[in-house]
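Raw contents of upload29.tsv, TSV, C-alpha atoms:
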chain	number	residue	atom	x	y	z
A	1	MET	CA	19.38	5.27	-13.80
A	2	LEU	CA	15.73	6.26	-13.68
A	3	LYS	CA	13.50	6.72	-16.70
A	4	THR	CA	9.87	7.86	-16.89
A	5	ILE	CA	8.02	5.43	-19.14
A	6	LYS	CA	4.41	6.63	-19.30
A	7	LEU	CA	1.34	7.97	-17.54
A	8	HIS	CA	-1.49	5.52	-17.07
A	9	LYS	CA	-5.06	6.35	-16.03
A	10	GLN	CA	-7.25	3.75	-14.32
A	11	CYS	CA	-10.86	3.92	-13.14
A	12	PRO	CA	-11.31	1.19	-10.51
A	13	GLY	CA	-14.47	2.63	-8.90
A	14	ALA	CA	-14.81	2.65	-5.11
A	15	ILE	CA	-11.98	0.73	-3.48
A	16	LYS	CA	-10.86	-0.39	-0.06
A	17	TYR	CA	-7.19	-0.41	0.81
A	18	ILE	CA	-6.32	-3.28	3.18
A	19	GLY	CA	-2.93	-3.46	4.86
A	20	LYS	CA	-0.95	-2.23	7.83
A	21	LYS	CA	0.13	1.27	8.87
A	22	TYR	CA	3.77	2.02	9.70
A	23	ALA	CA	5.97	4.94	10.72
A	24	SER	CA	8.22	4.40	7.69
A	25	GLY	CA	8.47	2.45	4.46
A	26	LYS	CA	11.61	0.65	5.58
A	27	ALA	CA	9.89	-0.78	8.67
A	28	ALA	CA	6.98	-1.96	6.53
A	29	TRP	CA	9.06	-3.70	3.88
A	30	ASP	CA	11.33	-5.29	6.49
A	31	GLU	CA	8.38	-6.78	8.41
A	32	TRP	CA	6.52	-7.98	5.32
A	33	GLY	CA	9.66	-9.60	3.93
A	34	GLU	CA	10.72	-11.24	7.19
A	35	LYS	CA	7.24	-12.55	8.05
A	36	GLY	CA	6.18	-13.54	4.52
A	37	LEU	CA	3.19	-11.19	4.67
A	38	PHE	CA	2.91	-10.54	0.92
A	39	GLU	CA	1.30	-13.88	0.11
A	40	SER	CA	-0.24	-14.27	3.57
A	41	VAL	CA	-2.22	-11.03	3.31
A	42	LYS	CA	-3.37	-11.83	-0.25
A	43	LYS	CA	-4.66	-15.22	0.99
A	44	GLN	CA	-6.39	-13.61	3.98
A	45	ILE	CA	-8.17	-11.14	1.70
A	46	GLY	CA	-9.47	-14.18	-0.16
A	47	ILE	CA	-10.26	-12.74	-3.60
A	48	ASN	CA	-8.55	-12.55	-6.98
A	49	LEU	CA	-7.17	-9.01	-6.90
A	50	THR	CA	-6.50	-8.97	-10.65
A	51	ASP	CA	-10.28	-8.73	-11.15
A	52	LEU	CA	-10.27	-5.16	-9.74
A	53	TYR	CA	-8.12	-3.59	-12.47
A	54	GLU	CA	-4.93	-4.26	-14.43
A	55	ASP	CA	-2.11	-4.88	-11.92
A	56	GLY	CA	-4.66	-5.26	-9.11
A	57	ASP	CA	-2.43	-7.87	-7.49
A	58	ALA	CA	0.42	-5.36	-7.09
A	59	VAL	CA	1.73	-4.53	-3.63
A	60	VAL	CA	0.81	-0.94	-2.80
A	61	GLY	CA	2.72	1.41	-0.52
A	62	LEU	CA	0.04	3.96	0.35
A	63	MET	CA	1.09	7.32	1.82
A	64	CYS	CA	-0.42	10.51	3.17
A	65	LYS	CA	0.18	13.35	5.59
A	66	ARG	CA	-2.68	13.63	8.07
A	67	ILE	CA	-3.36	16.26	10.68
A	68	ASN	CA	-2.80	14.71	14.12
A	69	ASP	CA	-4.39	15.69	17.46
A	70	GLU	CA	-1.84	18.48	17.92
A	71	GLY	CA	-2.76	20.01	14.54
A	72	LYS	CA	0.49	18.95	12.85
A	73	LYS	CA	0.85	16.94	9.68
A	74	LYS	CA	2.10	13.42	10.33
A	75	PHE	CA	3.41	11.11	7.62
A	76	GLU	CA	1.76	7.69	7.29
A	77	TYR	CA	3.06	4.78	5.26
A	78	TRP	CA	0.86	1.74	4.67
A	79	LEU	CA	1.72	-1.52	2.96
A	80	GLY	CA	-1.02	-3.68	1.48
A	81	TYR	CA	-3.39	-3.98	-1.47
A	82	PHE	CA	-6.23	-2.13	-3.17
A	83	THR	CA	-9.36	-4.32	-3.02
A	84	PRO	CA	-13.03	-4.01	-4.04
A	85	ALA	CA	-14.98	-1.68	-1.74
A	86	ASN	CA	-17.02	-4.45	-0.10
A	87	THR	CA	-14.04	-6.66	0.85
A	88	PRO	CA	-14.13	-7.81	4.50
A	89	VAL	CA	-11.03	-6.76	6.44
A	90	PRO	CA	-9.15	-9.73	7.92
A	91	GLU	CA	-8.34	-9.64	11.62
A	92	GLY	CA	-5.07	-7.85	12.39
A	93	LEU	CA	-5.22	-5.62	9.30
A	94	GLU	CA	-6.39	-2.04	8.86
A	95	TYR	CA	-8.16	-0.30	6.00
A	96	GLU	CA	-8.99	2.96	4.28
A	97	ASP	CA	-12.06	3.39	2.08
A	98	PHE	CA	-11.87	5.48	-1.09
A	99	PRO	CA	-14.91	6.70	-3.04
A	100	PRO	CA	-14.99	6.23	-6.82
A	101	MET	CA	-12.04	8.23	-8.14
A	102	ASP	CA	-9.73	7.88	-11.09
A	103	MET	CA	-6.08	7.27	-10.42
A	104	VAL	CA	-3.16	8.20	-12.61
A	105	THR	CA	0.21	6.55	-12.27
A	106	CYS	CA	3.53	7.70	-13.55
A	107	GLN	CA	5.47	4.59	-14.47
A	108	PHE	CA	9.23	4.57	-13.89
A	109	TYR	CA	11.92	2.12	-14.97
A	110	GLU	CA	14.51	1.72	-12.24
A	111	LYS	CA	17.84	0.09	-13.07
A	112	ASP	CA	20.49	-0.94	-10.55
A	113	GLY	CA	18.11	-0.78	-7.56
A	114	GLU	CA	18.79	2.92	-7.01
A	115	GLY	CA	16.36	4.57	-4.61
A	116	TYR	CA	14.62	7.83	-5.46
A	117	ASP	CA	11.91	9.98	-3.98
A	118	LEU	CA	9.62	9.86	-6.98
A	119	ALA	CA	6.58	11.57	-5.48
A	120	CYS	CA	7.48	15.09	-6.67
A	121	GLU	CA	8.51	13.98	-10.15
A	122	ALA	CA	5.37	11.89	-10.60
A	123	LEU	CA	3.14	14.69	-9.33
A	124	SER	CA	4.79	17.15	-11.71
A	125	ASN	CA	4.31	14.79	-14.68
A	126	ILE	CA	0.67	14.16	-13.74
A	127	GLU	CA	-0.13	17.86	-13.34
A	128	LYS	CA	1.68	18.75	-16.60
A	129	ALA	CA	-0.62	16.25	-18.33
A	130	GLY	CA	-3.60	18.31	-17.10
A	131	TYR	CA	-4.84	16.14	-14.22
A	132	ILE	CA	-5.97	17.66	-10.92
A	133	VAL	CA	-5.00	15.73	-7.78
A	134	THR	CA	-7.97	15.37	-5.41
A	135	THR	CA	-6.58	13.93	-2.15
A	136	GLU	CA	-3.49	14.00	0.04
A	137	TRP	CA	-3.02	10.27	-0.59
A	138	TRP	CA	-0.45	8.94	-3.05
A	139	PHE	CA	0.92	5.47	-3.66
A	140	GLU	CA	3.75	3.33	-4.98
A	141	ARG	CA	2.68	0.18	-6.79
A	142	TYR	CA	4.95	-2.80	-7.42
A	143	SER	CA	3.52	-5.32	-9.88
A	144	PRO	CA	4.83	-8.88	-9.66
A	145	LYS	CA	4.65	-9.00	-13.47
A	146	ARG	CA	7.03	-6.09	-14.13
A	147	GLU	CA	10.57	-6.26	-12.81
A	148	ASN	CA	12.28	-2.89	-12.21
A	149	ILE	CA	9.07	-0.97	-12.95
A	150	ILE	CA	7.57	1.25	-10.25
A	151	ASP	CA	4.24	3.04	-10.55
A	152	LEU	CA	3.80	6.15	-8.47
A	153	GLY	CA	0.25	7.44	-8.50
A	154	TYR	CA	-2.28	9.95	-7.29
A	155	PHE	CA	-6.07	10.09	-7.17
A	156	VAL	CA	-7.39	12.66	-9.68
A	157	GLU	CA	-10.59	14.36	-10.87
For the structure just supplied, provide its representation as structure tokens.
Amino acid sequence: MLKTIKLHKQCPGAIKYIGKKYASGKAAWDEWGEKGLFESVKKQIGINLTDLYEDGDAVVGLMCKRINDEGKKKFEYWLGYFTPANTPVPEGLEYEDFPPMDMVTCQFYEKDGEGYDLACEALSNIEKAGYIVTTEWWFERYSPKRENIIDLGYFVE
């Protein structure tokens, strides 16, 4: 059972996303779980992520569809963390810089571990609330403080 809880707007300023890029979400979560990368990457980043914004220490699955060299859109899935814009990138990790933008998340309660593609539902809820999405990036955010709660968000005007 899936239930939409609320929309939540945050204004973190300029941010840097630090993590790793994968071909799929499953490959990312499998590697991070098997290699213990969740805590390892947080330690490598070396800052208190909760200082960035509420739930700043949440694991973030960052996604987009980029135009590749052949002119086709290619799906990218990243796993990592949002960090302050000036955070040094540890060796072996990749990053994406984002200018100051607001982000709006649609918070879902997920019971029984059922999987859903929430991107369309979240986007619909965000647009119905009057927000205008500004990039092709979107994200899933999993806070260690909230069991069975998933945030799915977009960057907005």
Can you pull out every residue within 12 Å of Pro12 (chain A), counting all atoms listed in the file, but drop anything in the same chain fewer than 4 positions away, and send it as a list in words? Lys16, Leu49, Thr50, Asp51, Leu52, Tyr53, Glu54, Asp55, Gly56, Phe82, Thr83, Pro84, Ala85, Phe98, Pro99, Pro100, Met101, Asp102, Met103, Val104 and Phe155 of chain A
CA of Val133 (chain A) and CA of Gln10 (chain A) are how many Å apart?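 That distance, rounded to one decimal, is 13.8 Å.
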Could you jot down the CA of Ser143 (chain A) to CA of Asp57 (chain A) separation for me, Å, one decimal place? 6.9 Å
Given the choices A:Leu93, A:Gly25, A:Arg146, A:Thr87, which gets closest to Asn48 (chain A) if the distance is worked out from all atoms listed in the file?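 Closest to Asn48 (chain A) of all the choices is A:Thr87.
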Identify, on the basis of only C-alpha atoms, every residue whose closest approach to Tyr81 (chain A) does not exceed 9 Å; exclude the query and any residue fewer than 3 positions from it along the same chain; express the result as a list in words.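 Once the nearby chain positions are removed, what remains is Lys16, Tyr17, Ile18, Gly19, Val41, Lys42, Leu49, Gly56, Asp57, Ala58, Val59, Val60, Gly61 and Leu62 of chain A.
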Could you please determine the separation between CA of Lys43 (chain A) and CA of Val89 (chain A) in Å, to one decimal place?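 CA of Val89 (chain A) lies 11.9 Å from CA of Lys43 (chain A).
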If I put a ball of radius 6 Å at (9.7, 6.9, -17.0) in the file's coordinates, which residues poke into it when counting all atoms listed in the file, written as a ChimeraX atom specification? /A:3-6,107-109
Quick one: residues within 9 Å of Tyr154 (chain A), all atoms listed in the file, excluding same-chain residues fewer than 3 positions away - as a PyMOL selection string? chain A and resi 102-106+122-123+126+133-139
If you count all atoms listed in the file, the residue of A:Asn125, A:Ala27, A:His8, A:Ile45 closest to Glu94 (chain A) turns out to be A:Ile45
Please return, as a ChimeraX atom specification, all polymer residues that have at least one atom within 12 Å of the point (-3.7, 17.3, -19.5); use all atoms listed in the file and the file's own coordinate frame. /A:7,9,104,124-133,156-157
Kindly indicate which residue among A:Pro144, A:Leu152, A:Gly92, A:Cys11 lies nearest to Glu121 (chain A), using all atoms listed in the file for the distances.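 The shortest atom-to-atom distance to Glu121 (chain A) comes from A:Leu152.
Contact shell of region 28-38 of chain A at 9 Å (all atoms listed in the file; same-chain neighbours under 5 positions omitted): Lys20, Lys21, Tyr22, Ala23, Lys43, Val59, Gly61, Tyr77, Trp78, Leu79 and Gly80 of chain A.
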